[in-house]
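Source file: run.txt. Holds: compact mmCIF, C-alpha atoms and all ligand atoms.
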# COMPACT_ATOMS: atom_id res chain seq x y z
CA MET A 9 9.43 -10.31 29.11
CA GLY A 10 8.09 -8.94 32.37
CA LYS A 11 7.18 -5.76 30.57
CA TYR A 12 4.90 -7.73 28.24
CA ARG A 13 3.28 -9.80 30.92
CA GLY A 14 2.44 -6.54 32.71
CA GLN A 15 0.97 -5.19 29.53
CA MET A 16 -1.12 -8.32 29.05
CA ILE A 17 -2.51 -8.03 32.56
CA ARG A 18 -3.36 -4.40 31.91
CA ASN A 19 -5.05 -5.34 28.64
CA THR A 20 -7.04 -8.06 30.38
CA LEU A 21 -8.15 -5.57 33.01
CA LEU A 22 -9.18 -3.09 30.36
CA LEU A 23 -11.09 -5.78 28.53
CA SER A 24 -12.85 -6.84 31.73
CA ILE A 25 -13.74 -3.24 32.44
CA SER A 26 -15.12 -2.74 28.96
CA LEU A 27 -17.14 -5.96 29.20
CA LEU A 28 -18.59 -4.72 32.48
CA LEU A 29 -19.45 -1.42 30.86
CA GLY A 30 -21.00 -3.35 28.00
CA SER A 31 -23.33 -5.18 30.34
CA CYS A 32 -24.40 -1.86 31.84
CA GLY A 33 -25.45 -0.67 28.42
CA ALA A 34 -22.63 1.84 27.93
CA ASN A 35 -21.51 0.10 24.74
CA PRO A 36 -23.40 0.18 21.47
CA PRO A 37 -25.70 -2.81 21.01
CA ALA A 38 -24.40 -5.95 19.32
CA PRO A 39 -25.60 -6.42 15.75
CA THR A 40 -29.06 -7.78 15.34
CA ASP A 41 -29.46 -11.31 14.08
CA ILE A 42 -29.52 -11.83 10.35
CA ALA A 43 -31.22 -14.99 9.15
CA PRO A 44 -29.01 -17.70 7.60
CA VAL A 45 -29.15 -17.91 3.82
CA ASP A 46 -30.39 -21.16 2.27
CA LEU A 47 -28.23 -21.84 -0.78
CA ALA A 48 -30.75 -24.20 -2.38
CA ALA A 49 -33.45 -21.52 -2.20
CA LEU A 50 -31.40 -18.83 -3.95
CA SER A 51 -32.36 -17.84 -7.46
CA ALA A 52 -29.71 -17.72 -10.17
CA ALA A 53 -29.84 -13.92 -10.01
CA GLU A 54 -29.30 -13.91 -6.24
CA ARG A 55 -26.37 -16.31 -6.54
CA ASP A 56 -24.87 -14.18 -9.23
CA SER A 57 -25.29 -11.06 -7.12
CA TYR A 58 -23.53 -12.61 -4.07
CA LEU A 59 -20.66 -13.81 -6.25
CA ARG A 60 -20.26 -10.47 -7.98
CA GLU A 61 -20.26 -8.73 -4.60
CA ALA A 62 -17.46 -10.99 -3.27
CA THR A 63 -15.40 -10.77 -6.45
CA ALA A 64 -15.66 -6.98 -6.54
CA PHE A 65 -14.71 -6.71 -2.88
CA PHE A 66 -11.49 -8.66 -3.49
CA GLU A 67 -10.65 -7.14 -6.87
CA LYS A 68 -7.10 -6.34 -5.64
CA ALA A 69 -6.47 -9.95 -4.54
CA ASN A 70 -4.55 -12.62 -6.43
CA ILE A 71 -7.61 -14.83 -6.81
CA VAL A 72 -7.05 -18.46 -7.87
CA GLY A 73 -9.92 -19.83 -9.98
CA SER A 74 -13.35 -18.32 -9.39
CA PRO A 75 -15.11 -17.67 -6.10
CA SER A 76 -18.06 -20.00 -5.50
CA LEU A 77 -21.03 -20.26 -3.17
CA VAL A 78 -21.03 -23.20 -0.76
CA GLU A 79 -23.07 -24.49 2.14
CA CYS A 80 -21.21 -23.90 5.38
CA THR A 81 -21.62 -24.39 9.11
CA LEU A 82 -20.40 -21.42 11.13
CA SER A 83 -18.66 -21.46 14.51
CA GLY A 84 -21.95 -21.11 16.39
CA GLY A 85 -23.55 -23.99 14.47
CA ALA A 86 -25.59 -21.88 12.01
CA LYS A 87 -25.94 -23.51 8.60
CA THR A 88 -25.90 -20.86 5.91
CA THR A 89 -24.39 -19.90 2.57
CA CYS A 90 -20.76 -18.84 2.34
CA PHE A 91 -18.65 -17.68 -0.52
CA SER A 92 -15.42 -19.59 -0.95
CA ILE A 93 -12.51 -17.66 -2.34
CA THR A 94 -9.00 -19.01 -2.91
CA VAL A 95 -6.14 -16.54 -3.01
CA LYS A 96 -2.39 -16.58 -3.32
CA PRO A 97 -0.90 -15.29 -0.06
CA VAL A 98 1.04 -12.65 -1.99
CA PRO A 99 -0.24 -9.10 -2.40
CA GLY A 100 -0.98 -8.14 -5.98
CA ASP A 101 -0.50 -4.44 -5.36
CA TYR A 102 3.07 -4.20 -3.98
CA THR A 103 6.23 -6.20 -3.23
CA PRO A 104 6.50 -7.15 0.46
CA GLY A 105 9.59 -6.42 2.58
CA PRO A 106 12.17 -5.46 3.61
CA TRP A 107 12.21 -6.91 7.14
CA CYS A 108 15.63 -7.37 8.79
CA PRO A 109 18.53 -4.97 8.25
CA ARG A 110 21.75 -6.74 7.24
CA ASN A 111 24.09 -4.49 9.17
CA ILE A 112 23.62 -2.16 12.13
CA SER A 113 24.55 0.67 9.77
CA ASP A 114 21.45 -0.01 7.61
CA GLY A 115 18.81 2.68 7.76
CA LYS A 116 15.03 2.40 7.84
CA GLU A 117 14.77 2.09 4.04
CA LYS A 118 16.48 -1.31 4.34
CA SER A 119 14.33 -2.64 7.17
CA GLY A 120 10.79 -2.99 8.42
CA ILE A 121 9.06 -2.06 11.65
CA TRP A 122 8.62 -3.42 15.16
CA LEU A 123 5.68 -2.91 17.51
CA ASP A 124 6.02 -2.33 21.22
CA GLU A 125 3.34 -1.26 23.69
CA GLY A 126 1.22 0.45 21.07
CA LYS A 127 4.09 2.21 19.32
CA ILE A 128 5.69 1.58 15.94
CA TYR A 129 9.48 1.60 15.69
CA ASP A 130 11.69 1.37 12.61
CA ALA A 131 13.48 -1.97 13.03
CA ASP A 132 16.60 -0.46 11.50
CA GLY A 133 20.23 -1.18 12.32
CA LYS A 134 20.29 1.34 15.12
CA PHE A 135 17.20 -0.19 16.75
CA LEU A 136 18.76 -3.66 16.63
CA GLN A 137 22.00 -2.28 18.02
CA ASN A 138 20.20 -0.81 21.03
CA LEU A 139 17.94 -3.72 21.93
CA SER A 140 19.66 -4.43 25.27
CA ASP A 141 18.87 -0.89 26.36
CA PHE A 142 15.40 -0.92 24.84
CA TYR A 143 14.40 -4.11 26.64
CA GLU A 144 16.75 -3.60 29.59
CA ASP A 145 18.24 -7.04 29.02
CA ASP A 146 21.95 -7.67 28.40
CA GLU A 147 21.33 -10.97 26.60
CA TRP A 148 20.33 -9.17 23.41
CA GLN A 149 23.10 -9.47 20.80
CA LEU A 150 21.67 -9.68 17.31
CA PHE A 151 24.84 -8.59 15.53
CA ASP A 152 28.56 -9.22 15.34
CA PRO A 153 30.19 -6.44 17.41
CA ALA A 154 33.31 -6.55 15.21
CA THR A 155 31.61 -6.11 11.83
CA GLY A 156 28.09 -4.92 12.67
CA ARG A 157 26.70 -7.81 10.63
CA VAL A 158 23.17 -8.76 11.78
CA ASN A 159 22.25 -12.44 12.37
CA VAL A 160 19.42 -13.01 9.90
CA THR A 161 17.54 -16.24 9.14
CA ASP A 162 18.51 -15.99 5.48
CA SER A 163 17.54 -19.46 4.27
CA LYS A 164 14.33 -21.48 4.17
CA GLU A 165 15.77 -23.92 6.71
CA LYS A 166 16.66 -21.18 9.19
CA CYS A 167 13.31 -19.47 8.73
CA ALA A 168 11.48 -22.75 9.39
CA ALA A 169 13.46 -23.31 12.61
CA ALA A 170 13.09 -19.78 13.92
CA ALA A 171 9.72 -18.50 12.69
CA ARG A 172 7.68 -20.31 15.32
CA PRO A 173 6.93 -19.79 19.02
CA ASP A 174 9.32 -22.54 20.16
CA VAL A 175 12.28 -20.92 18.44
CA ASP A 176 15.15 -23.36 17.85
CA GLU A 177 17.83 -22.35 20.35
CA LYS A 178 20.36 -22.13 17.55
CA TYR A 179 18.50 -19.06 16.36
CA ASN A 180 18.24 -17.20 19.62
CA ASN A 181 19.56 -13.70 19.00
CA TYR A 182 18.54 -13.68 15.35
CA CYS A 183 16.49 -11.28 13.32
CA VAL A 184 13.87 -13.63 11.89
CA GLU A 185 12.51 -13.26 8.39
CA CYS A 186 11.17 -15.60 5.71
CA GLN A 187 11.15 -14.72 2.03
CA LEU A 188 8.04 -15.22 -0.09
CA ASP A 189 9.94 -17.46 -2.50
CA TYR A 190 10.42 -20.05 0.29
CA MET A 191 6.73 -20.84 -0.23
CA PRO A 192 5.79 -23.40 -2.88
CA ALA A 193 4.59 -21.55 -6.00
CA GLU A 194 1.21 -23.24 -5.79
CA SER A 195 0.53 -22.10 -2.18
CA SER A 196 -2.91 -20.72 -1.65
CA VAL A 197 -5.35 -20.02 1.15
CA THR A 198 -9.10 -20.56 0.88
CA TYR A 199 -11.48 -18.42 2.91
CA VAL A 200 -15.08 -19.52 3.45
CA ILE A 201 -17.05 -16.56 4.79
CA PRO A 202 -20.82 -16.13 5.25
CA VAL A 203 -22.46 -14.08 2.49
CA ARG A 204 -24.52 -12.42 5.24
CA PRO A 205 -23.24 -12.31 8.83
CA VAL A 206 -25.10 -14.41 11.40
CA ALA A 207 -24.98 -13.00 14.93
CA SER A 208 -23.36 -15.07 17.63
CA SER A 209 -24.76 -15.64 21.09
CA ASN A 210 -21.41 -14.68 22.52
CA ARG A 211 -18.60 -12.60 21.13
CA SER A 212 -15.84 -15.03 20.26
CA ARG A 213 -12.17 -14.34 20.06
CA THR A 214 -10.61 -14.65 16.66
CA HIS A 215 -8.72 -17.83 15.93
CA GLY A 216 -7.09 -18.68 12.65
CA GLY A 217 -7.16 -15.04 11.64
CA ALA A 218 -9.44 -12.05 12.10
CA GLY A 219 -10.27 -11.83 8.41
CA VAL A 220 -8.96 -11.08 4.93
CA ALA A 221 -7.75 -7.76 3.57
CA ILE A 222 -9.17 -6.38 0.32
CA ASN A 223 -5.94 -7.50 -1.39
CA GLY A 224 -6.48 -11.11 -0.30
CA ILE A 225 -3.92 -11.09 2.52
CA ARG A 226 -4.76 -12.62 5.89
CA LEU A 227 -5.48 -10.18 8.71
CA ASP A 228 -3.93 -12.33 11.37
CA GLU A 229 -4.03 -12.85 15.10
CA PRO A 230 -1.72 -10.74 17.24
CA ALA A 231 1.90 -11.83 16.76
CA PRO A 232 3.10 -13.83 19.83
CA LEU A 233 5.50 -11.13 20.96
CA ASP A 234 6.20 -12.82 24.32
CA ALA A 235 7.55 -15.97 22.67
CA ILE A 236 9.50 -14.02 20.09
CA LEU A 237 11.16 -11.75 22.63
CA ASP A 238 11.79 -14.55 25.14
CA ALA A 239 14.02 -16.18 22.50
CA HIS A 240 15.80 -12.86 21.96
CA THR A 241 14.52 -12.71 18.41
CA LEU A 242 12.73 -10.03 16.48
CA ALA A 243 10.43 -10.94 13.58
CA PRO A 244 9.95 -7.51 12.00
CA PHE A 245 6.97 -6.59 9.85
CA ASP A 246 7.43 -4.67 6.63
CA ASP A 247 6.16 -1.10 6.51
CA CYS A 248 2.75 -2.48 5.49
CA GLY A 249 2.53 -4.50 8.74
CA GLY A 250 3.16 -7.91 7.14
CA HIS A 251 5.67 -10.71 7.15
CA VAL A 252 5.89 -14.29 5.91
CA ASN A 253 5.60 -17.67 7.56
CA LEU A 254 5.81 -20.98 5.74
CA HIS A 255 2.19 -21.94 6.52
CA VAL A 256 0.01 -19.03 5.48
CA GLY A 257 2.57 -17.02 3.51
CA TYR A 258 2.47 -13.25 3.74
CA HIS A 259 0.09 -12.00 6.45
CA TYR A 260 -0.63 -8.85 8.44
CA HIS A 261 -0.38 -8.15 12.14
CA ALA A 262 -1.00 -4.43 11.68
CA VAL A 263 -3.17 -2.37 9.37
CA THR A 264 -1.18 0.54 8.03
CA ASP A 265 -1.78 3.12 5.32
CA CYS A 266 -0.89 0.48 2.69
CA LEU A 267 -4.45 -0.83 2.94
CA VAL A 268 -6.12 2.54 3.14
CA ASP A 269 -7.24 3.85 -0.23
CA LYS A 270 -8.68 7.31 0.16
CA SER A 271 -8.86 8.10 -3.53
CA GLY A 272 -12.20 9.52 -4.49
CA ARG A 273 -13.39 9.78 -0.91
CA THR A 274 -14.79 12.97 0.54
CA SER A 275 -14.12 13.70 4.16
CA GLY A 276 -17.24 13.63 6.26
CA LYS A 277 -19.36 11.79 3.74
CA TYR A 278 -18.06 8.41 4.77
CA ASP A 279 -17.01 6.63 7.90
CA ALA A 280 -13.54 5.24 7.05
CA PRO A 281 -12.09 3.29 4.12
CA VAL A 282 -12.94 -0.43 4.04
CA ILE A 283 -9.73 -2.46 4.45
CA GLY A 284 -11.03 -6.03 4.66
CA LEU A 285 -13.66 -8.55 5.61
CA ALA A 286 -13.81 -10.29 8.99
CA MET A 287 -14.27 -14.07 9.23
CA ASP A 288 -17.89 -13.47 10.30
CA GLY A 289 -18.67 -11.47 7.15
CA TYR A 290 -18.73 -7.99 8.70
CA LYS A 291 -16.54 -5.37 7.05
CA ILE A 292 -13.37 -4.08 8.67
CA LEU A 293 -12.67 -0.38 8.24
CA ALA A 294 -9.46 1.57 8.84
CA HIS A 295 -8.55 2.59 12.36
CA ARG A 296 -9.23 6.26 11.71
CA LEU A 297 -12.13 8.00 9.99
CA ASP A 298 -11.72 9.96 6.76
CA ASN A 299 -11.37 13.17 8.75
CA GLY A 300 -8.48 11.68 10.75
CA GLU A 301 -10.47 11.31 13.93
CA LEU A 302 -11.04 8.11 15.85
CA PRO A 303 -14.48 6.53 15.52
CA GLY A 304 -16.78 7.16 18.47
CA GLN A 305 -17.78 4.54 20.96
CA LEU A 306 -16.85 1.02 19.81
CA ASP A 307 -17.90 -2.22 21.46
CA SER A 308 -15.42 -4.75 22.89
CA CYS A 309 -14.89 -6.21 19.38
CA GLN A 310 -14.08 -2.71 18.03
CA GLY A 311 -17.44 -2.64 16.26
CA HIS A 312 -20.29 -0.17 15.88
CA SER A 313 -23.04 0.63 13.38
CA SER A 314 -23.29 3.42 10.86
CA ALA A 315 -25.86 4.35 8.26
CA GLU A 316 -23.48 3.55 5.41
CA TYR A 317 -22.14 0.16 6.50
CA GLY A 318 -24.46 -1.12 9.20
CA TYR A 319 -22.49 -3.01 11.83
CA HIS A 320 -18.73 -3.08 11.11
CA TYR A 321 -15.36 -3.11 12.83
CA HIS A 322 -12.49 -0.67 12.95
CA ALA A 323 -9.00 -2.19 12.84
CA GLY A 324 -6.86 -1.64 15.92
CA ALA A 325 -4.11 0.99 15.81
CA ALA A 326 -1.12 -0.19 13.77
CA GLY A 327 1.08 -0.30 16.86
CA SER A 328 -1.39 -2.34 18.91
CA ASN A 329 -0.52 -5.76 17.44
CA ARG A 330 -4.23 -6.45 17.42
CA ILE A 331 -6.25 -6.04 14.24
CA LEU A 332 -9.44 -7.31 15.92
CA ALA A 333 -9.93 -8.50 19.50
CA CYS A 334 -13.02 -10.62 18.90
CA LEU A 335 -15.86 -11.22 16.48
CA SER A 336 -19.52 -10.43 17.06
CA GLY A 337 -20.83 -12.85 14.45
CA GLN A 338 -20.32 -16.56 13.83
CA GLN A 339 -17.04 -17.28 12.07
CA GLY A 340 -16.42 -19.13 8.82
CA CYS A 341 -13.31 -21.11 7.93
CA SER A 342 -9.92 -20.73 6.33
CA PHE A 343 -7.96 -23.58 4.77
CA GLU A 344 -4.43 -23.89 3.47
CA SER A 345 -5.60 -26.67 1.15
CA SER A 346 -8.50 -26.60 -1.26
CA GLY A 347 -11.62 -28.75 -1.43
CA GLU A 348 -12.42 -28.82 2.29
CA THR A 349 -15.92 -28.36 3.67
CA CYS A 350 -16.37 -25.58 6.20
CA ASP A 351 -17.79 -26.74 9.51
CA ALA A 352 -16.42 -24.20 11.98
CA SER A 353 -18.61 -25.60 14.77
CA VAL A 354 -16.74 -28.91 14.96
CA ARG A 355 -13.12 -27.94 15.08
CA ARG A 356 -12.46 -25.87 18.07
CA GLY A 357 -9.06 -24.82 16.77
CA PRO A 358 -8.47 -22.20 14.11
CA PRO A 359 -11.52 -22.54 11.87
CA GLY A 360 -10.57 -25.15 9.32
CA GLY A 361 -6.91 -24.48 9.88
CA GLY A 362 -6.23 -27.42 12.16
CA GLY A 363 -4.26 -27.02 15.34
CA PRO A 364 -5.04 -27.07 19.01
CA PRO A 365 -8.18 -25.65 20.62
CA PRO A 366 -8.20 -22.01 21.70
CA GLY A 367 -6.29 -21.58 24.90
CA ALA A 368 -3.93 -24.47 24.20
CA THR A 369 -0.35 -23.83 23.20
CA ARG A 370 -0.21 -21.75 20.07
CA PRO A 371 0.14 -23.72 16.83
CA PRO A 372 3.52 -23.63 15.13
CA PRO A 373 2.71 -21.52 12.04
CA GLU A 374 3.12 -18.20 13.74
CA PRO A 375 6.43 -16.42 13.39
CA GLY A 376 5.09 -13.29 14.99
ZN ZN B 1 -17.30 3.01 11.75
ZN ZN B 2 3.11 -13.45 11.77
Could you take the file, read its structure, and then write that structure out as structure tokens?
Ligand SMILES: [Zn+2]
Ligand SMILES: [Zn+2]
Amino acid sequence: MGKYRGQMIRNTLLLSISLLLGSCGANPPAPTDIAPVDLAALSAAERDSYLREATAFFEKANIVGSPSLVECTLSGGAKTTCFSITVKPVPGDYTPGPWCPRNISDGKEKSGIWLDEGKIYDADGKFLQNLSDFYEDDEWQLFDPATGRVNVTDSKEKCAAAARPDVDEKYNNYCVECQLDYMPAESSVTYVIPVRPVASSNRSRTHGGAGVAINGIRLDEPAPLDAILDAHTLAPFDDCGGHVNLHVGYHYHAVTDCLVDKSGRTSGKYDAPVIGLAMDGYKILAHRLDNGELPGQLDSCQGHSSAEYGYHYHAGAAGSNRILACLSGQQGCSFESSGETCDASVRRGPPGGGGPPPGATRPPPEPG
């Protein structure tokens, strides 16, 4: 969509401007280097402490087996110690969905959300009915005008054909959703993340996911809205900002209040609630502070330092379709199969995830 390309150009300009500002010293400094951790040199007590820290952090996740400490090579070549945690890509704390309405008469309680130019819309029947006006494009027709019935990818086969950037033409003008039970029951994702972040010589864009939420769900790349809209499809997110693809299961493209637990927090005492861990080991906090305000000056990776957390990120606004823009530290790996060794410096694609190098055509797993 022309509208989107324009937006991308504007975003690129903004990014360039902020990078320029960064080089003039207007941005907070990047995190200072933290020495790699030598696994062989750790005492039993230190190992135990790292493992307990990781397990406690992900206490809301559906953890498979027990987290372990492993040697790993990060994206910048640093050899250090990572924890390896395997999770089911299903949240333990709520049931995902709904995504697509079944009829244009369905209200927002029967559907999820859609993101456009920083705003969140209920992807309800009315929204689907008005897509030609919304996108100023007469080719939108997601429903049967006679009955109001919405075209939904309501089988595993249809979801596999439509939930990818090169949408099968048969499913143009479909509302695309995949159900969690299309995934094999034994599906899991393994994250290998440094126990202590190691600074990177250059800020690298995220690939293969920005990180993992406290409930074990992937905090993913931006959804490829251009490809989705070009095929006249929508791939709505549920109200928690997540949807399912057949490769990584349920994953987030937006951080919403679902991940923000304010219980027991006192406004002003803290920065913002922690919602996840980035692939470089730095914590990701909610978009807004406890007092509802936006955090002060953030660097180009949406990071800054505070007394409580040291260097950390703040997730992008829920409507932005961008949880993190880049990472300041060296990234670990994520795998959709177990038993792999993390060497994020070798594969230039999504760390450990396989697929083409950054900048090449997007890999197929992404349904948006
Ligand atoms: Zn902060
Ligand atoms: Zn997605």
If you measure from CA of Gln310 in chain A to CA of Leu332 in chain A, what distance in Å do you get, rounded to one decimal?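 CA of Leu332 in chain A lies at a distance of 6.9 Å from CA of Gln310 in chain A.
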Pick out the residues no farther than 8 Å from ligand ZN 2 (chain B), counting only C-alpha atoms and all ligand atoms, and list them as a PyMOL selection string. chain A and resi 228-231+243+250-253+259-261+374-376
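Take CA of Leu335 in chain A and CA of Thr214 in chain A: the distance between them is 6.3 Å.
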Neighbourhood query: residues within 6 Å of (-12.9, -21.6, 3.7), file coordinates, counting all atoms listed in the file; return as a list of chain:residue names.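 Residues found, by chain and rising number: A:Ser92, A:Thr198, A:Tyr199, A:Val200, A:Cys341, A:Ser342, A:Phe343, A:Cys350.
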Would you compute the distance between CA of Val98 in chain A and CA of Asn223 in chain A? Give it in Å to one decimal. 8.7 Å
Within 12 Å of Phe65 in chain A using only C-alpha atoms, minus same-chain residues under 4 positions, as a list of chain:residue names: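 Once the nearby chain positions are removed, what remains is A:Tyr58, A:Leu59, A:Arg60, A:Glu61, A:Ala69, A:Ile71, A:Pro75, A:Phe91, A:Ile93, A:Val203, A:Val220, A:Ala221, A:Ile222, A:Asn223, A:Gly224, A:Val282, A:Ile283, A:Gly284, A:Leu285, A:Gly289, A:Lys291, A:Ile292.
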Nearby residues, ligand ZN 1 (chain B), 10 Å, all atoms listed in the file, as a ChimeraX atom specification: /A:278-282,291-297,302-306,310-323
Extract, using all atoms listed in the file, all DNA, RNA and protein residues at most 7 Å from Val160 in chain A, discarding same-chain residues fewer than 4 positions from it, and format them as a list in words. Cys108, Tyr182, Cys183 and Val184 of chain A
Please produce an output containing C-alpha atoms for each residue in the selection, written as a PDB file, keeping the file's coordinate frame.
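again_21.pdb written:
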ATOM      1  CA  CYS A 108      15.630  -7.370   8.790  1.00  0.00           C
ATOM      2  CA  TYR A 182      18.540 -13.680  15.350  1.00  0.00           C
ATOM      3  CA  CYS A 183      16.490 -11.280  13.320  1.00  0.00           C
ATOM      4  CA  VAL A 184      13.870 -13.630  11.890  1.00  0.00           C
TER       5      VAL A 184
END
Rank A:Ala326, A:Val206, A:Ile225, A:Ile236 by their smallest atom-to-atom distance to Gly100 in chain A, using all atoms listed in the file, and report the top residue only. A:Ile225
Exercise: range 142-159 of chain A partners within 12 Å, only C-alpha atoms, chain neighbours under 5 positions left out, as a VMD selection string: chain A and resid 9 to 12 108 to 114 119 124 to 125 129 131 to 137 166 to 167 170 178 to 185 237 to 243
Which residue, A:Ser76, A:Ser51, A:Ser353, A:Ser336, has the smallest gap to Ser208 in chain A when you use all atoms listed in the file?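 Once distances to Ser208 in chain A are computed over all atoms listed in the file, the minimum belongs to A:Ser336.
The closest residue to Gly249 in chain A, picked from A:Leu82, A:Ala171, A:Ile121, A:Leu47 and counting all atoms listed in the file, is A:Ile121.
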With distances taken over only C-alpha atoms, which of A:Ser196, A:Ser308, A:Gln338, A:Thr103 is nearest to Cys248 in chain A?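 Distance minimum relative to Cys248 in chain A lands on A:Thr103.
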List the neighbours of Pro205 in chain A out to 9 Å using only C-alpha atoms; skip same-chain residues closer than 5 positions along the sequence, and give me the result as a ChimeraX atom specification. /A:41-44,288-290,337-339
Could you take the residues named above and write them with C-alpha atoms, as a short mmCIF file (atom, residue, chain, number, x, y, z; two decimals), keeping the file's coordinate frame?
data_model
loop_
_atom_site.label_atom_id
_atom_site.label_comp_id
_atom_site.auth_asym_id
_atom_site.auth_seq_id
_atom_site.Cartn_x
_atom_site.Cartn_y
_atom_site.Cartn_z
CA ASP A 41 -29.46 -11.31 14.08
CA ILE A 42 -29.52 -11.83 10.35
CA ALA A 43 -31.22 -14.99 9.15
CA PRO A 44 -29.01 -17.70 7.60
CA ASP A 288 -17.89 -13.47 10.30
CA GLY A 289 -18.67 -11.47 7.15
CA TYR A 290 -18.73 -7.99 8.70
CA GLY A 337 -20.83 -12.85 14.45
CA GLN A 338 -20.32 -16.56 13.83
CA GLN A 339 -17.04 -17.28 12.07
#
With all atoms listed in the file as the basis for distance, which of A:Phe245, A:Tyr190, A:Phe66, A:Trp122 is at the shortest distance from Gly105 in chain A?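 Once distances to Gly105 in chain A are computed over all atoms listed in the file, the minimum belongs to A:Phe245.
Checking A:Gly115, A:Gly85, A:Pro97, A:Pro192 one by one against Val72 in chain A, counting all atoms listed in the file, you find the shortest gap at A:Pro97.
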Range 71-74 of chain A, all listed atoms, 5 Å padding on each side: what axis-aligned box centre and edge lengths in Å to one decimal come out, as lines of an AutoDock Vina configuration file?
center_x = -10.2
center_y = -17.3
center_z = -8.4
size_x = 16.3
size_y = 15.0
size_z = 13.2
